[in-house]
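Novice: Take a look at this one; I'll ask things after.
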Amino acid sequence: MRNFGNQVQFTVYQQLEKNLVPVSYEELEARAKEELEAKPFDYVAASAGIEDTARENNLAFRKWKIVPRMLRDTSDRDIGIELFGRKLNVPLLLAPIGVQSIVHPEGEIASARAAASMGVPFIASTASTYSLEKISEATEGAEKWFQLYWSNDHELAASMVKRAESAGYGAIVITLDTPMMGWREKDIHHAYLPFLEAKGIGNYLEDPVFRSRLERSPEEDIRSAIMHWAQIFGNPSLTWRDLEFIRSQTNLPILLKGVLHPDDARLAVESGVDGLIVSNHGGRQVDGSIPAVDALPDVVDIVQGDIPVLMDSGIRRGADIVKALSLGASAVLLGRPYMYGLALAGEAGVRQVLRNLIADFDLTMALSGSRSVDGLGRDLLKKV
Ligand SMILES: Cc1cc2nc3c(=O)[nH]c(=O)nc-3n(C[C@H](O)[C@H](O)[C@H](O)COP(=O)(O)O)c2cc1C
Ligand SMILES: CCCCCCC(=O)C(=O)O
């Protein structure tokens with residue numbers, strides 16, 4: 001994408017087009033809170049424990065300061081990157097987020113379409129409302145990845161991976177940090193989990209292995225299907241050795257999401273995976289864990305460029321992307337902000353969130369003295 005973030009042009013655009021969603025993240029969240037019922041809003045917005053990690057994910061970005069460079073001719077810019085042999089318009093993907101229909105009936109279909117229209121890969125969650133095939137059909141030809149929740153039924157995990165490969169997904173993201181859900185006090189208070197409704201496990205309900213485990217079809221007996229899901233969804237017994245099993249199921253690139261410790265990053269490289277996503281799941285799993293952006297430099301250092309390192313957890317503005325890339329991330333994943341855009345205005349809302357973020361990134365990169373993502377490095381940052 002070239003020269004996207006001219007603020008004067010953007011202001012003209014805002015005058016011509018209706019502003020569907022607030023520009024500021026804080027207002028976006030506040031408006032989503034007004035729009036949604038308390039249970040789904042809290043499911044999206046809240047995190048584990050006292051939510052220190054969720055808060056610090058954002059604050060940690062603000063401790064890294066950009067030291068902009070001048071007189072570097074940033075008139076002609078390109079924010080594109082190459083990842084796994086494919087060109088991306090921008091170093092940004094939509095993070096896997098399950099059960100999106102709790103905020104908008106079109107759920108993942110709307111988000112994936114918005115992402116496709118901006119050239120941003122969508123990462124479909126195992127826990128999607130819509131099946132991975134339906135998401136793929138709705139965005140034919142667009143780059144998208146599949147995120148695997150590795151259930152304790154290995155045949156089911158293999159089936160999900162095969163389905164993703166047949167449906168045209170370009171990479172498999174295995175999420176490691178959620179073999180069980182974290183202690184999320186608001187959800188426990190509301191006694192709410194979206195997976196206890198049929199739409200919450202939509203992608204599972206269309207899986208042939210999942211269906212083969214049920215005595216009666218989900219159409220006949222949805223309660224038993226949900227109870228079965230509750231027994232199989234997580235697998236805390238997994239170890240590094242188990243990765244060989246998924247590797248044997250697919251030739252697609254495999255990324256591990258949820259790595260924070262440099263020793264795990266080393267194990268990941270040794271295990272032969274193709275990429276890492278430094279993430280603390282938006283603070284939803286281990287409250288008190290290190291902010292993702294603070295974990296990033298040590299992971300990048302230990303990986304030494306052997307495989308790409310992506311990151312998420314706390315990306316809110318263009319400066320956050322500039323900082324993550326300067327610390328060595330190849331790309332970042334956007335989470336909650338797009339869910340709020342979806343809640344407020346469906347596909348168009350997600351598109352506007354993306355448009356604003358990408359323009360902010362392009363502009364901030366240029367004003368920091370870089371013409372391209374390659375120009376971003378640690379020399380541009382100071383931690384205070
Ligand atoms: C409502 C919600 C559902 C999520 N569902 C998934 C999921 O199904 N799979 C997954 O790997 N991560 C999931 N995540 C974590 C995101 O992929 C991402 O790591 C996180 O949102 C980043 O934090 P941020 O949104 O605060 O930036 C979910 C996050 C939220 C907020
Ligand atoms: C696969 C079962 C749990 C999905 C939880 C979705 C999720 O990641 C979240 O943070 O919520």
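Chain labels follow the order of the structure tokens: the first chain is A, the next B, and so on; residue numbering restarts at 1 in every chain, and ligands are counted from 1 in their shown order.
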Check every protein, DNA and RNA residue against ligand 2, keep those with an atom at most 6 Å away (counting only C-alpha atoms and all ligand atoms), and present them as a PyMOL selection string.
Specialist: chain A and resi 98+127+149+233+284
Novice: Give me, as a PyMOL selection string, the set of residues whose atoms come within 9 Å of any atom of ligand 1, counting only C-alpha atoms and all ligand atoms.
Specialist: chain A and resi 40-47+54-55+57-58+94-100+123-128+147-149+173-178+257-258+277-284+311-316+333-339
Novice: Would you return as JSON, numbers by chain the members of segment 92-217 of chain A that DSSP assigns to alpha helix (DSSP H) on this structure's backbone?
Specialist: {"A": [107, 108, 109, 110, 111, 112, 113, 114, 115, 116, 117, 132, 133, 134, 135, 136, 137, 138, 154, 155, 156, 157, 158, 159, 160, 161, 162, 163, 164, 165, 166, 185, 186, 187, 188, 189, 190, 202, 203, 204, 205, 208, 209, 210, 211, 212]}
Novice: Save the residues we just selected, C-alpha atoms, as an mmCIF file, in the first residue's frame?
Specialist:
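So again.cif came out as:
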data_model
loop_
_atom_site.group_PDB
_atom_site.id
_atom_site.type_symbol
_atom_site.label_atom_id
_atom_site.label_comp_id
_atom_site.auth_asym_id
_atom_site.auth_seq_id
_atom_site.Cartn_x
_atom_site.Cartn_y
_atom_site.Cartn_z
ATOM 1 C CA GLY A 107 -19.725 -12.341 12.620
ATOM 2 C CA GLU A 108 -16.583 -13.673 10.950
ATOM 3 C CA ILE A 109 -18.065 -13.347 7.455
ATOM 4 C CA ALA A 110 -18.241 -9.563 7.863
ATOM 5 C CA SER A 111 -14.790 -9.289 9.447
ATOM 6 C CA ALA A 112 -13.159 -11.523 6.852
ATOM 7 C CA ARG A 113 -14.761 -9.554 3.993
ATOM 8 C CA ALA A 114 -13.583 -6.255 5.436
ATOM 9 C CA ALA A 115 -10.074 -7.664 5.853
ATOM 10 C CA ALA A 116 -10.068 -8.990 2.273
ATOM 11 C CA SER A 117 -11.141 -5.602 0.921
ATOM 12 C CA LEU A 132 -14.064 -22.210 8.090
ATOM 13 C CA GLU A 133 -15.476 -23.268 4.706
ATOM 14 C CA LYS A 134 -18.185 -20.563 4.812
ATOM 15 C CA ILE A 135 -15.639 -17.919 5.774
ATOM 16 C CA SER A 136 -13.437 -19.012 2.904
ATOM 17 C CA GLU A 137 -16.296 -19.012 0.365
ATOM 18 C CA ALA A 138 -17.185 -15.458 1.416
ATOM 19 C CA HIS A 154 -6.249 -35.708 17.883
ATOM 20 C CA GLU A 155 -8.354 -36.936 14.995
ATOM 21 C CA LEU A 156 -10.541 -33.846 15.358
ATOM 22 C CA ALA A 157 -7.467 -31.578 15.339
ATOM 23 C CA ALA A 158 -6.218 -33.322 12.188
ATOM 24 C CA SER A 159 -9.633 -32.970 10.575
ATOM 25 C CA MET A 160 -9.674 -29.204 11.229
ATOM 26 C CA VAL A 161 -6.229 -28.827 9.655
ATOM 27 C CA LYS A 162 -7.226 -30.873 6.585
ATOM 28 C CA ARG A 163 -10.430 -28.874 6.177
ATOM 29 C CA ALA A 164 -8.446 -25.625 6.368
ATOM 30 C CA GLU A 165 -5.997 -26.840 3.739
ATOM 31 C CA SER A 166 -8.820 -27.915 1.373
ATOM 32 C CA GLU A 185 -13.952 -12.912 36.594
ATOM 33 C CA LYS A 186 -16.595 -11.029 34.613
ATOM 34 C CA ASP A 187 -17.624 -14.140 32.646
ATOM 35 C CA ILE A 188 -17.768 -16.145 35.859
ATOM 36 C CA HIS A 189 -19.863 -13.398 37.481
ATOM 37 C CA HIS A 190 -22.305 -13.435 34.541
ATOM 38 C CA GLY A 202 -20.603 -23.461 14.729
ATOM 39 C CA ASN A 203 -17.303 -24.486 13.164
ATOM 40 C CA TYR A 204 -17.138 -27.663 15.291
ATOM 41 C CA LEU A 205 -20.724 -28.564 14.375
ATOM 42 C CA PRO A 208 -17.218 -34.666 10.242
ATOM 43 C CA VAL A 209 -15.038 -36.079 13.043
ATOM 44 C CA PHE A 210 -16.822 -33.998 15.680
ATOM 45 C CA ARG A 211 -20.181 -35.158 14.328
ATOM 46 C CA SER A 212 -19.065 -38.780 14.221
#
Novice: Based on the backbone DSSP call, show me all residues of segment 151-192 of chain A assigned strand (DSSP E or B), as a PyMOL selection string.
Specialist: chain A and resi 172-175
Novice: Tell me which of A:Pro194, A:Gly318, A:Gly80, A:Pro291 sits closest to Thr53 of chain A, counting only C-alpha atoms.
Specialist: A:Pro291
Novice: Smallest atom-to-atom distance to Ser372 of chain A: which of A:Arg216, A:Lys18, A:Arg77, A:Arg223, using only C-alpha atoms?
Specialist: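 Using only C-alpha atoms, Ser372 of chain A sits closest to A:Arg77.
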Novice: Measuring atom to atom with only C-alpha atoms, identify which of A:Gly272, A:Tyr130, A:Val384, A:Leu296 is nearest to Pro105 of chain A.
Specialist: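 Looking at the shortest contact to Pro105 of chain A, the residue is A:Tyr130.
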Novice: Which of these residues is nearest to Ala295 of chain A, using only C-alpha atoms: A:Ile232, A:Ala324, A:Leu71, A:Leu92?
Specialist: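 Closest to Ala295 of chain A of all the choices is A:Ala324.
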